[in-house]
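Raw entry_33.cif, mmCIF, C-alpha atoms and all ligand atoms:
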data_query
#
loop_
_atom_site.label_atom_id
_atom_site.label_comp_id
_atom_site.auth_asym_id
_atom_site.auth_seq_id
_atom_site.Cartn_x
_atom_site.Cartn_y
_atom_site.Cartn_z
CA MET A 929 -15.16 12.16 17.39
CA ARG A 930 -11.47 13.04 17.11
CA VAL A 931 -9.05 10.15 16.58
CA LEU A 932 -5.26 10.02 16.71
CA GLY A 933 -3.93 7.50 14.17
CA ILE A 934 -0.53 5.79 14.46
CA GLU A 935 1.19 3.75 11.74
CA THR A 936 4.51 1.91 12.31
CA SER A 937 4.16 -1.38 10.42
CA CYS A 938 7.27 -1.04 8.26
CA ASP A 939 9.70 1.77 7.46
CA GLU A 940 7.44 4.79 7.83
CA THR A 941 6.32 6.46 11.07
CA GLY A 942 2.93 8.01 10.33
CA VAL A 943 0.69 10.05 12.62
CA ALA A 944 -2.60 11.82 11.85
CA ILE A 945 -5.70 13.27 13.43
CA TYR A 946 -9.06 12.55 11.85
CA ASP A 947 -12.22 14.24 13.03
CA SER A 948 -15.49 12.52 12.12
CA ALA A 949 -17.22 15.88 11.65
CA GLN A 950 -14.41 17.90 10.04
CA GLY A 951 -12.39 15.25 8.20
CA LEU A 952 -8.61 14.97 8.22
CA LEU A 953 -7.17 17.72 10.41
CA GLY A 954 -3.51 16.99 9.88
CA ASP A 955 -0.89 14.32 9.36
CA ALA A 956 2.87 13.89 9.47
CA LEU A 957 5.22 11.23 8.20
CA TYR A 958 8.79 10.34 8.95
CA SER A 959 10.22 8.08 6.27
CA GLN A 960 13.19 5.84 7.10
CA VAL A 961 13.91 5.25 3.41
CA ALA A 962 17.30 6.99 3.45
CA MET A 963 18.45 4.89 6.40
CA HIS A 964 17.45 1.55 4.83
CA ALA A 965 18.62 2.48 1.31
CA GLU A 966 22.22 1.91 2.44
CA TYR A 967 21.34 -1.76 3.01
CA GLY A 968 19.22 -2.19 -0.13
CA GLY A 969 16.06 -2.95 1.87
CA VAL A 970 14.36 -2.62 5.23
CA VAL A 971 16.44 -3.78 8.23
CA PRO A 972 13.73 -4.69 10.78
CA GLU A 973 15.71 -3.97 13.95
CA LEU A 974 16.79 -0.55 12.67
CA ALA A 975 13.17 0.18 11.73
CA SER A 976 11.93 -0.59 15.26
CA ARG A 977 14.60 1.55 16.89
CA ASP A 978 13.87 4.46 14.61
CA HIS A 979 10.12 4.28 15.27
CA ILE A 980 10.95 4.57 18.99
CA LYS A 981 12.92 7.74 18.26
CA ARG A 982 10.40 9.38 15.95
CA LEU A 983 6.95 8.45 17.17
CA ILE A 984 6.42 10.62 20.29
CA PRO A 985 7.87 13.81 18.70
CA LEU A 986 5.68 13.20 15.65
CA ILE A 987 2.57 12.80 17.84
CA GLU A 988 3.41 16.03 19.66
CA GLN A 989 3.94 17.78 16.32
CA VAL A 990 0.58 16.69 14.90
CA LEU A 991 -1.30 17.61 18.09
CA LYS A 992 0.29 21.07 17.94
CA GLU A 993 -0.27 21.59 14.21
CA THR A 994 -3.94 20.65 14.49
CA ASN A 995 -4.47 22.70 17.67
CA THR A 996 -5.64 19.57 19.41
CA ALA A 997 -5.35 19.48 23.17
CA LYS A 998 -4.82 16.05 24.74
CA ASN A 999 -8.30 16.09 26.25
CA GLN A 1000 -9.80 16.62 22.78
CA VAL A 1001 -8.56 13.23 21.58
CA ASP A 1002 -11.46 10.79 21.88
CA ALA A 1003 -9.66 7.62 20.83
CA ILE A 1004 -6.44 6.21 19.43
CA ALA A 1005 -6.16 4.00 16.34
CA TYR A 1006 -2.98 2.03 15.74
CA THR A 1007 -1.76 -0.41 13.13
CA ALA A 1008 -1.74 -3.85 14.75
CA GLY A 1009 -0.68 -5.79 11.65
CA PRO A 1010 0.26 -7.20 9.26
CA GLY A 1011 3.85 -5.97 9.24
CA LEU A 1012 7.23 -6.27 10.94
CA ILE A 1013 6.68 -7.48 14.50
CA GLY A 1014 9.18 -5.14 16.19
CA ALA A 1015 7.97 -2.11 14.25
CA LEU A 1016 4.33 -2.95 15.01
CA MET A 1017 5.09 -3.39 18.70
CA VAL A 1018 6.50 0.13 18.97
CA GLY A 1019 3.32 1.70 17.58
CA ALA A 1020 0.99 -0.65 19.43
CA ALA A 1021 2.69 -0.25 22.82
CA THR A 1022 2.87 3.53 22.46
CA ALA A 1023 -0.74 3.84 21.30
CA ARG A 1024 -2.11 1.51 23.94
CA SER A 1025 -0.14 3.26 26.71
CA ILE A 1026 -1.24 6.75 25.66
CA ALA A 1027 -4.85 5.57 25.46
CA PHE A 1028 -4.53 4.12 28.97
CA ALA A 1029 -2.97 7.31 30.31
CA TRP A 1030 -5.57 9.56 28.68
CA ASP A 1031 -8.39 7.17 29.58
CA VAL A 1032 -9.73 6.84 26.03
CA PRO A 1033 -10.43 3.73 23.93
CA ALA A 1034 -7.91 2.34 21.47
CA ILE A 1035 -8.59 0.34 18.34
CA ALA A 1036 -6.27 -2.11 16.60
CA VAL A 1037 -6.39 -1.37 12.87
CA HIS A 1038 -5.55 -3.74 10.01
CA HIS A 1039 -2.89 -2.10 7.82
CA MET A 1040 -4.44 -3.31 4.55
CA GLU A 1041 -7.90 -2.12 5.60
CA GLY A 1042 -6.24 1.24 6.15
CA HIS A 1043 -4.88 1.18 2.59
CA LEU A 1044 -8.20 -0.02 1.21
CA LEU A 1045 -10.12 2.85 2.79
CA ALA A 1046 -7.52 5.57 2.05
CA PRO A 1047 -9.35 6.71 -1.16
CA MET A 1048 -12.26 7.63 1.15
CA LEU A 1049 -10.14 10.57 2.33
CA GLU A 1050 -10.43 12.16 -1.13
CA ASP A 1051 -13.23 14.25 -2.63
CA ASN A 1052 -15.78 12.08 -4.48
CA PRO A 1053 -15.03 8.87 -2.58
CA PRO A 1054 -16.31 5.51 -3.87
CA ALA A 1055 -19.54 4.07 -2.47
CA PHE A 1056 -19.92 0.42 -1.46
CA PRO A 1057 -19.84 -2.09 -3.06
CA PHE A 1058 -16.66 -2.02 -5.13
CA VAL A 1059 -13.72 -4.11 -6.23
CA ALA A 1060 -10.40 -3.25 -4.54
CA LEU A 1061 -6.94 -3.96 -5.89
CA LEU A 1062 -4.52 -3.86 -2.97
CA VAL A 1063 -0.99 -3.54 -4.29
CA SER A 1064 1.79 -2.88 -1.81
CA GLY A 1065 5.23 -4.16 -0.94
CA GLY A 1066 3.78 -7.13 0.94
CA HIS A 1067 0.36 -7.75 -0.64
CA THR A 1068 -1.27 -8.09 -4.04
CA GLN A 1069 -4.93 -8.91 -3.65
CA LEU A 1070 -8.21 -8.42 -5.48
CA VAL A 1071 -11.04 -8.05 -3.00
CA GLU A 1072 -14.82 -7.81 -3.35
CA VAL A 1073 -15.81 -5.12 -0.86
CA GLN A 1074 -19.45 -4.99 0.28
CA GLY A 1075 -18.74 -2.69 3.21
CA ILE A 1076 -16.17 -2.12 5.93
CA GLY A 1077 -15.11 -5.54 7.18
CA GLU A 1078 -17.01 -7.34 4.43
CA TYR A 1079 -14.18 -8.55 2.29
CA GLN A 1080 -14.15 -11.50 -0.05
CA LEU A 1081 -10.83 -12.41 -1.58
CA LEU A 1082 -11.20 -12.84 -5.35
CA GLY A 1083 -7.56 -13.50 -6.13
CA GLU A 1084 -4.04 -12.80 -4.95
CA SER A 1085 -0.40 -13.20 -5.86
CA LEU A 1086 0.72 -16.76 -5.29
CA ASP A 1087 4.31 -15.63 -4.74
CA ASP A 1088 5.85 -12.13 -4.68
CA ALA A 1089 3.74 -9.03 -4.17
CA ALA A 1090 3.82 -6.57 -7.08
CA GLY A 1091 5.72 -3.96 -5.02
CA GLU A 1092 8.24 -6.57 -3.93
CA ALA A 1093 8.81 -7.51 -7.60
CA PHE A 1094 9.35 -3.82 -8.43
CA ASP A 1095 11.89 -3.55 -5.60
CA LYS A 1096 13.78 -6.69 -6.64
CA ALA A 1097 13.83 -5.78 -10.34
CA ALA A 1098 15.14 -2.34 -9.35
CA LYS A 1099 18.00 -3.92 -7.45
CA MET A 1100 18.96 -5.93 -10.55
CA LEU A 1101 19.14 -2.67 -12.49
CA GLY A 1102 21.34 -1.11 -9.80
CA LEU A 1103 18.62 1.20 -8.46
CA ASP A 1104 18.10 2.13 -4.82
CA TYR A 1105 15.42 0.99 -2.38
CA PRO A 1106 12.43 1.32 -2.64
CA GLY A 1107 12.67 0.55 -6.32
CA GLY A 1108 9.06 1.02 -7.45
CA PRO A 1109 9.14 4.78 -7.95
CA LEU A 1110 12.67 4.59 -9.43
CA ILE A 1111 11.68 1.94 -11.99
CA ALA A 1112 8.67 4.06 -12.90
CA LYS A 1113 10.90 7.10 -13.41
CA LEU A 1114 13.48 5.21 -15.47
CA ALA A 1115 10.74 3.56 -17.54
CA MET A 1116 9.60 6.98 -18.74
CA SER A 1117 12.70 7.23 -20.93
CA GLY A 1118 12.50 3.58 -21.97
CA ASP A 1119 11.21 1.88 -25.12
CA ARG A 1120 8.31 -0.27 -23.95
CA THR A 1121 8.48 -2.50 -27.03
CA ARG A 1122 12.18 -3.40 -27.24
CA PHE A 1123 11.94 -6.31 -24.79
CA LYS A 1124 8.92 -8.54 -24.62
CA PHE A 1125 8.29 -9.71 -21.05
CA PRO A 1126 5.66 -12.37 -20.26
CA ARG A 1127 2.26 -11.55 -18.72
CA PRO A 1128 2.16 -14.27 -16.06
CA MET A 1129 -1.00 -16.35 -15.49
CA VAL A 1130 -3.21 -14.33 -17.83
CA ASP A 1131 -3.96 -17.42 -19.92
CA ARG A 1132 -5.30 -19.18 -16.84
CA PRO A 1133 -8.82 -18.52 -15.59
CA GLY A 1134 -9.34 -16.79 -12.26
CA MET A 1135 -7.89 -13.77 -10.56
CA ASP A 1136 -4.75 -15.15 -8.92
CA MET A 1137 -1.44 -13.64 -9.97
CA SER A 1138 2.27 -14.41 -9.92
CA PHE A 1139 5.20 -12.03 -10.15
CA SER A 1140 8.26 -14.09 -9.28
CA GLY A 1141 8.64 -15.29 -12.89
CA LEU A 1142 8.90 -11.69 -14.07
CA LYS A 1143 11.68 -11.17 -11.58
CA THR A 1144 13.61 -14.13 -13.02
CA PHE A 1145 12.91 -12.91 -16.55
CA THR A 1146 14.38 -9.52 -15.60
CA LEU A 1147 17.47 -11.14 -14.11
CA ASN A 1148 18.02 -13.29 -17.20
CA THR A 1149 17.62 -10.29 -19.49
CA VAL A 1150 20.09 -8.26 -17.43
CA ASN A 1151 22.63 -11.10 -17.27
CA LYS A 1152 22.38 -11.90 -20.97
CA PHE A 1153 23.11 -8.29 -21.75
CA LYS A 1154 25.99 -8.03 -19.34
CA LYS A 1155 27.61 -11.09 -20.93
CA GLU A 1156 27.38 -9.72 -24.43
CA GLN A 1157 28.12 -6.07 -23.73
CA ALA A 1158 27.87 -3.47 -20.97
CA LEU A 1159 24.43 -2.65 -19.64
CA ASP A 1160 24.05 0.88 -21.01
CA ASP A 1161 21.62 3.44 -19.61
CA GLN A 1162 19.17 3.13 -22.51
CA THR A 1163 19.03 -0.65 -22.13
CA LYS A 1164 18.37 -0.26 -18.40
CA ALA A 1165 15.52 2.12 -19.16
CA ASP A 1166 14.13 -0.26 -21.79
CA ILE A 1167 14.22 -3.18 -19.33
CA ALA A 1168 12.53 -1.03 -16.65
CA ALA A 1169 9.84 -0.07 -19.16
CA ALA A 1170 9.27 -3.68 -20.27
CA PHE A 1171 9.06 -4.83 -16.66
CA GLU A 1172 6.64 -2.09 -15.63
CA GLU A 1173 4.49 -2.74 -18.69
CA ALA A 1174 4.30 -6.47 -17.88
CA VAL A 1175 3.27 -5.89 -14.25
CA VAL A 1176 0.75 -3.22 -15.22
CA ASP A 1177 -0.81 -5.28 -18.05
CA THR A 1178 -1.15 -8.29 -15.75
CA LEU A 1179 -2.86 -6.22 -13.05
CA VAL A 1180 -5.17 -4.57 -15.60
CA ILE A 1181 -6.27 -7.94 -17.04
CA LYS A 1182 -7.01 -9.32 -13.56
CA CYS A 1183 -8.90 -6.16 -12.52
CA LYS A 1184 -11.03 -6.39 -15.66
CA ARG A 1185 -11.89 -9.98 -14.76
CA ALA A 1186 -12.82 -8.95 -11.22
CA LEU A 1187 -15.15 -6.23 -12.53
CA GLN A 1188 -16.79 -8.63 -14.97
CA HIS A 1189 -17.08 -11.32 -12.28
CA THR A 1190 -18.72 -9.05 -9.69
CA LYS A 1191 -20.54 -6.86 -12.26
CA PHE A 1192 -19.43 -3.89 -10.11
CA LYS A 1193 -18.73 -0.59 -11.82
CA GLN A 1194 -16.20 0.79 -9.34
CA LEU A 1195 -12.57 -0.16 -8.81
CA VAL A 1196 -10.48 1.15 -5.92
CA ILE A 1197 -6.70 0.80 -6.09
CA ALA A 1198 -4.68 1.19 -2.92
CA GLY A 1199 -1.22 0.56 -1.49
CA GLY A 1200 2.19 1.80 -2.62
CA VAL A 1201 2.01 0.50 -6.20
CA SER A 1202 -1.31 2.31 -6.75
CA ALA A 1203 0.79 5.49 -6.96
CA ASN A 1204 2.18 4.16 -10.26
CA GLN A 1205 1.13 6.50 -13.08
CA ARG A 1206 1.35 3.88 -15.82
CA LEU A 1207 -0.96 1.58 -13.82
CA ARG A 1208 -3.45 4.40 -13.31
CA LEU A 1209 -3.39 5.33 -16.99
CA LYS A 1210 -3.83 1.79 -18.33
CA LEU A 1211 -6.54 0.99 -15.78
CA GLN A 1212 -8.32 4.21 -16.76
CA LEU A 1213 -8.33 3.14 -20.43
CA MET A 1214 -9.71 -0.30 -19.56
CA MET A 1215 -12.33 1.18 -17.22
CA GLU A 1216 -13.64 3.57 -19.86
CA LYS A 1217 -14.40 0.58 -22.07
CA GLU A 1218 -16.05 -1.19 -19.14
CA ARG A 1219 -17.99 2.00 -18.30
CA ALA A 1220 -16.63 1.80 -14.78
CA VAL A 1221 -14.98 4.36 -12.50
CA LEU A 1222 -11.49 4.23 -11.00
CA PHE A 1223 -10.69 5.56 -7.49
CA TYR A 1224 -7.37 6.11 -5.80
CA ALA A 1225 -5.80 8.21 -3.05
CA ARG A 1226 -3.36 11.10 -3.51
CA PRO A 1227 0.19 9.68 -3.90
CA GLU A 1228 1.25 10.27 -0.27
CA PHE A 1229 -1.78 8.30 0.94
CA CYS A 1230 -1.05 5.39 -1.43
CA THR A 1231 2.12 4.53 0.47
CA ASP A 1232 2.12 4.04 4.24
CA ASN A 1233 0.70 6.91 6.28
CA GLY A 1234 -1.08 7.70 9.54
CA ALA A 1235 -4.16 9.25 7.92
CA MET A 1236 -5.50 5.96 6.59
CA ILE A 1237 -5.15 4.37 10.04
CA ALA A 1238 -6.91 7.28 11.75
CA TYR A 1239 -9.71 7.08 9.15
CA ALA A 1240 -10.19 3.29 9.32
CA GLY A 1241 -10.08 3.36 13.12
CA THR A 1242 -12.65 6.16 13.26
CA GLN A 1243 -15.13 4.18 11.16
CA ARG A 1244 -14.90 1.18 13.47
CA LEU A 1245 -15.04 3.32 16.63
CA LEU A 1246 -18.13 5.13 15.33
CA ALA A 1247 -19.75 1.71 14.94
CA GLY A 1248 -19.06 1.02 18.61
CA GLN A 1249 -16.01 -1.20 18.19
CA SER A 1250 -12.80 -0.90 20.21
CA SER A 1251 -9.95 -3.16 21.32
CA ASP A 1252 -9.13 -4.39 24.79
CA LEU A 1253 -6.10 -3.46 26.88
CA THR A 1254 -3.75 -5.96 25.23
CA ILE A 1255 -0.98 -4.56 23.07
CA GLN A 1256 -1.92 -6.14 19.75
CA ALA A 1257 0.76 -6.78 17.15
CA ARG A 1258 0.23 -9.45 14.49
CA PRO A 1259 2.81 -9.99 11.72
CA ARG A 1260 0.20 -12.03 9.84
CA TRP A 1261 -3.48 -11.19 9.92
CA PRO A 1262 -5.88 -12.34 7.18
CA MET A 1263 -8.33 -9.55 6.33
CA ALA A 1264 -11.15 -12.09 6.28
CA GLU A 1265 -10.89 -12.28 10.11
CA LEU A 1266 -12.04 -8.68 10.47
CA PRO A 1267 -15.56 -8.17 11.82
CA ALA A 1268 -18.11 -6.32 9.71
CA LEU A 1269 -19.31 -2.98 11.00
O1 LIG B 1301 1.97 0.38 0.80
P1 LIG B 1301 3.43 0.58 0.91
O2 LIG B 1301 3.97 1.95 1.22
O3 LIG B 1301 4.04 -0.35 2.01
C1 LIG B 1301 3.57 -1.67 2.23
O4 LIG B 1301 2.53 -1.82 2.93
O5 LIG B 1301 4.22 -2.57 1.67
O6 LIG B 1301 4.06 0.04 -0.45
C2 LIG B 1301 5.43 0.10 -0.72
C3 LIG B 1301 5.68 -0.51 -2.08
C4 LIG B 1301 7.16 -0.66 -2.41
O7 LIG B 1301 7.37 -1.97 -2.90
C5 LIG B 1301 7.39 0.40 -3.48
O8 LIG B 1301 8.43 0.07 -4.38
C6 LIG B 1301 6.04 0.44 -4.17
O9 LIG B 1301 5.10 0.30 -3.10
N1 LIG B 1301 5.81 1.69 -4.90
C7 LIG B 1301 5.68 1.77 -6.24
C8 LIG B 1301 5.50 3.13 -6.55
N2 LIG B 1301 5.51 3.84 -5.38
C9 LIG B 1301 5.70 2.93 -4.38
N3 LIG B 1301 5.71 0.82 -7.19
C10 LIG B 1301 5.57 1.22 -8.46
N4 LIG B 1301 5.40 2.50 -8.85
C11 LIG B 1301 5.36 3.49 -7.94
N5 LIG B 1301 5.20 4.76 -8.32
ZN ZN B 1302 1.43 -0.41 3.37
#

Would you mind writing the file out in structure tokens?
Amino acid sequence: MRVLGIETSCDETGVAIYDSAQGLLGDALYSQVAMHAEYGGVVPELASRDHIKRLIPLIEQVLKETNTAKNQVDAIAYTAGPGLIGALMVGAATARSIAFAWDVPAIAVHHMEGHLLAPMLEDNPPAFPFVALLVSGGHTQLVEVQGIGEYQLLGESLDDAAGEAFDKAAKMLGLDYPGGPLIAKLAMSGDRTRFKFPRPMVDRPGMDMSFSGLKTFTLNTVNKFKKEQALDDQTKADIAAAFEEAVVDTLVIKCKRALQHTKFKQLVIAGGVSANQRLRLKLQLMMEKERAVLFYARPEFCTDNGAMIAYAGTQRLLAGQSSDLTIQARPRWPMAELPAL
């Protein structure tokens, strides 16, 4: 079965073709980052308009690059949520219309399920069951995964998502959007011990998290410095390093708890923040002690992409699932509502 995947939930237009027998045949991404950077964050209306401009040419490009004729596409998978409503509607309406025109089924895919399954596109994928840490710009969740669609929420951020905290802290340091990768880069030349940031909620039992306090702590540190003297480049790097270390340590502690709670020996990390090298390194160190194995996707499949949507859709289609003719776009969509395979 050959499936065309379409992702438009936020500021990235992603298209891919996944073949159930041959694997991922090809994918393409158009990132709107440069356009939104001018405004310091995603402007939803601009995102929708840009998806309209980019999506069809990107689909044509991927079909051509993978030598796929229209009549070789067996189904279309599209991100139906969660995400920005206008952006989702562009992908959903396009996908649903193409499926109708080509007389093939379409399936509405959950964006976070796409992220969660993205490591399956790599060699040596994890086997069920495992613990998943979903860390993106909109979500920070620890999930017990028994199989596709069998998700039990173990804990989540009670306020900001980890990626959102990275982006906001970056803004305070005068960095561009999206700030996560830029904080990570700056932190490499920073002293991780000069500032001591709190590790929120680690002294409380359970696997819930909170990142808004770290954001305030960053702001106070920046302001205090600005009052006393100019915020020099080294201080900026030291603050970035302290911030990154605090987020990473908090995530590592909560992941360790999730592994001990479930007694699982596999942890999958997914979503934009799972591209963070410091997080991967510190998780790896913890996992070695726990005799557990860490899985993640290649960096371009950690952030938004069409491949993960094509893959997730294919798994559900192979199990006989598909969506009706409605154009489905849901800004909010709890993963627990997804049916099991
Ligand atoms: O999964 P994603 O592409 O989009 C959402 O579904 O939200 O995640 C984007 C988020 C942004 O907040 C971005 O700053 C963060 O992932 N991010 C990172 C890194 N790369 C992306 N955060 C920390 N370190 C990184 N290397
Ligand atoms: Zn995402």

* To do: May I ask you to write as an MDAnalysis selection string all residues lying at most 7 Å from ligand LIG 1301 (chain B), with all atoms listed in the file counted?
  => chainID A and resid 1064:1067 1091:1092 1094:1095 1106:1109 1112 1199:1205 1230:1232

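Each of A:Thr1068, A:Ala1005, A:Ala1027, A:Gly968 was checked against ligand ZN 1302 (chain B) using all atoms listed in the file; the smallest atom-to-atom distance is that of A:Thr1068.
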
* One decimal, Å: what's the distance from CA of Tyr1006 (chain A) over to CA of Arg1024 (chain A), could you say? =>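 Computed distance, CA of Tyr1006 (chain A) to CA of Arg1024 (chain A), equals 8.3 Å.
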
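Comparing the minimum interatomic distances between ligand ZN 1302 (chain B) and each of A:Asp1119, A:Asp1104, A:Asp1002, A:Glu940, counting all atoms listed in the file, we find that A:Glu940 sits nearest.
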
Counting only C-alpha atoms, which residues of region 1191-1235 of chain A sit at most 12 Å from some atom of region 1073-1085 of chain A, and what is each one's closest atom pair with its distance in Å to one decimal, listed by chain and rising residue number, as CSV?
residue,atom,partner,partner_atom,distance
A:Phe1192,CA,A:Val1073,CA,10.0
A:Gln1194,CA,A:Val1073,CA,10.3
A:Leu1195,CA,A:Val1073,CA,9.9
A:Val1196,CA,A:Val1073,CA,9.7

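Put simply, CA of Glu973 (chain A) is 24.7 Å away from CA of Val1063 (chain A).
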
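Nearest residue to Val1059 (chain A) among A:Leu1222, A:Ile1035, A:Ala1264, A:Ile1004 is A:Leu1222, counting all atoms listed in the file.
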
* To do: Select, from A:Met1236, A:Gly951, A:Glu1218, A:Met1129, the residue with the minimum atom-to-atom distance to ligand ZN 1302 (chain B), counting only C-alpha atoms and all ligand atoms.
  => A:Met1236

* Interatomic distance between CA of Ala1015 (chain A) and CA of Thr936 (chain A)? ->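 Value for the CA of Ala1015 (chain A)-CA of Thr936 (chain A) distance: 5.6 Å.
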
* Using only C-alpha atoms, which residue out of A:Gly1009, A:Ala997, A:Lys1143, A:Met1116 lies closest to His1039 (chain A)? ->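 For His1039 (chain A), the nearest of the given residues is A:Gly1009.
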
* With only C-alpha atoms and all ligand atoms as the atoms that count, which of A:Ile1181, A:Met929, A:Ala1046, A:Met1215 lies nearest to ligand ZN 1302 (chain B)? ->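 Smallest separation from ligand ZN 1302 (chain B) among the options: A:Ala1046.
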
If we count only C-alpha atoms, what is near Val1175 (chain A) at a cut-off of 10 Å, once residues fewer than 2 positions away on the same chain are taken out, given as an mmCIF file with C-alpha atoms, in the coordinates of the input?
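Writing done, so here's selection_28.cif:
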data_model
loop_
_atom_site.group_PDB
_atom_site.id
_atom_site.type_symbol
_atom_site.label_atom_id
_atom_site.label_comp_id
_atom_site.auth_asym_id
_atom_site.auth_seq_id
_atom_site.Cartn_x
_atom_site.Cartn_y
_atom_site.Cartn_z
ATOM 1 C CA ALA A 1090 3.820 -6.570 -7.080
ATOM 2 C CA GLY A 1091 5.720 -3.960 -5.020
ATOM 3 C CA ALA A 1093 8.810 -7.510 -7.600
ATOM 4 C CA PHE A 1094 9.350 -3.820 -8.430
ATOM 5 C CA PHE A 1125 8.290 -9.710 -21.050
ATOM 6 C CA PRO A 1126 5.660 -12.370 -20.260
ATOM 7 C CA ARG A 1127 2.260 -11.550 -18.720
ATOM 8 C CA PRO A 1128 2.160 -14.270 -16.060
ATOM 9 C CA SER A 1138 2.270 -14.410 -9.920
ATOM 10 C CA PHE A 1139 5.200 -12.030 -10.150
ATOM 11 C CA LEU A 1142 8.900 -11.690 -14.070
ATOM 12 C CA ALA A 1170 9.270 -3.680 -20.270
ATOM 13 C CA PHE A 1171 9.060 -4.830 -16.660
ATOM 14 C CA GLU A 1172 6.640 -2.090 -15.630
ATOM 15 C CA GLU A 1173 4.490 -2.740 -18.690
ATOM 16 C CA ASP A 1177 -0.810 -5.280 -18.050
ATOM 17 C CA THR A 1178 -1.150 -8.290 -15.750
ATOM 18 C CA LEU A 1179 -2.860 -6.220 -13.050
ATOM 19 C CA VAL A 1180 -5.170 -4.570 -15.600
ATOM 20 C CA LEU A 1207 -0.960 1.580 -13.820
#

* To do: Identify the residues within 8 Å of coordinate (-15.6, 7.6, 17.5) (same frame as the file), considering only C-alpha atoms, and give the answer as an MDAnalysis selection string.
  => chainID A and resid 929:931 948 1002:1003 1242:1248

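For Thr1190 (chain A), the list of residues within 10 Å, based on all atoms listed in the file and with local chain neighbours fewer than 2 positions off taken out, reads Pro1057, Phe1058, Val1059, Glu1072, Leu1082, Arg1185, Ala1186, Leu1187, Gln1188, Phe1192 and Lys1193 of chain A.
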
Using C-alpha atoms, can you export the residues from the last selection as a compact mmCIF listing (two decimals), keeping the file's coordinate frame?
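again_4.txt, written as the output of this step:
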# COMPACT_ATOMS: atom_id res chain seq x y z
CA PRO A 1057 -19.84 -2.09 -3.06
CA PHE A 1058 -16.66 -2.02 -5.13
CA VAL A 1059 -13.72 -4.11 -6.23
CA GLU A 1072 -14.82 -7.81 -3.35
CA LEU A 1082 -11.20 -12.84 -5.35
CA ARG A 1185 -11.89 -9.98 -14.76
CA ALA A 1186 -12.82 -8.95 -11.22
CA LEU A 1187 -15.15 -6.23 -12.53
CA GLN A 1188 -16.79 -8.63 -14.97
CA PHE A 1192 -19.43 -3.89 -10.11
CA LYS A 1193 -18.73 -0.59 -11.82

* Shell of 10 Å around Ala1169 (chain A), all atoms listed in the file, local chain residues under 6 positions omitted, as a PyMOL selection string -> chain A and resi 1111-1123+1125+1163+1206

Atoms are missing here; could region 1029-1038 of chain A be completed with N, CA, C and O atoms and written as an mmCIF file, in the coordinates of the input?
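Result went into selection_22.cif, see below:
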data_model
loop_
_atom_site.group_PDB
_atom_site.id
_atom_site.type_symbol
_atom_site.label_atom_id
_atom_site.label_comp_id
_atom_site.auth_asym_id
_atom_site.auth_seq_id
_atom_site.Cartn_x
_atom_site.Cartn_y
_atom_site.Cartn_z
ATOM 1 N N ALA A 1029 -3.268 6.111 29.528
ATOM 2 C CA ALA A 1029 -2.970 7.310 30.310
ATOM 3 C C ALA A 1029 -4.046 8.382 30.147
ATOM 4 O O ALA A 1029 -4.399 9.067 31.106
ATOM 5 N N TRP A 1030 -4.566 8.526 28.946
ATOM 6 C CA TRP A 1030 -5.570 9.560 28.680
ATOM 7 C C TRP A 1030 -7.001 9.055 28.922
ATOM 8 O O TRP A 1030 -7.959 9.789 28.707
ATOM 9 N N ASP A 1031 -7.089 7.782 29.278
ATOM 10 C CA ASP A 1031 -8.390 7.170 29.580
ATOM 11 C C ASP A 1031 -9.384 7.259 28.407
ATOM 12 O O ASP A 1031 -10.526 7.686 28.556
ATOM 13 N N VAL A 1032 -8.870 6.886 27.223
ATOM 14 C CA VAL A 1032 -9.730 6.840 26.030
ATOM 15 C C VAL A 1032 -9.601 5.448 25.395
ATOM 16 O O VAL A 1032 -8.611 4.752 25.641
ATOM 17 N N PRO A 1033 -10.561 5.037 24.576
ATOM 18 C CA PRO A 1033 -10.430 3.730 23.930
ATOM 19 C C PRO A 1033 -9.349 3.719 22.849
ATOM 20 O O PRO A 1033 -8.987 4.768 22.322
ATOM 21 N N ALA A 1034 -8.853 2.525 22.577
ATOM 22 C CA ALA A 1034 -7.910 2.340 21.470
ATOM 23 C C ALA A 1034 -8.488 1.276 20.547
ATOM 24 O O ALA A 1034 -9.223 0.390 20.996
ATOM 25 N N ILE A 1035 -8.146 1.372 19.269
ATOM 26 C CA ILE A 1035 -8.590 0.340 18.340
ATOM 27 C C ILE A 1035 -7.423 -0.152 17.490
ATOM 28 O O ILE A 1035 -6.632 0.645 16.985
ATOM 29 N N ALA A 1036 -7.320 -1.477 17.391
ATOM 30 C CA ALA A 1036 -6.270 -2.110 16.600
ATOM 31 C C ALA A 1036 -6.727 -2.148 15.140
ATOM 32 O O ALA A 1036 -7.749 -2.739 14.828
ATOM 33 N N VAL A 1037 -5.971 -1.486 14.271
ATOM 34 C CA VAL A 1037 -6.390 -1.370 12.870
ATOM 35 C C VAL A 1037 -5.555 -2.301 11.983
ATOM 36 O O VAL A 1037 -4.353 -2.463 12.191
ATOM 37 N N HIS A 1038 -6.220 -2.900 10.999
ATOM 38 C CA HIS A 1038 -5.550 -3.740 10.010
ATOM 39 C C HIS A 1038 -4.932 -2.834 8.941
ATOM 40 O O HIS A 1038 -5.629 -2.026 8.330
#
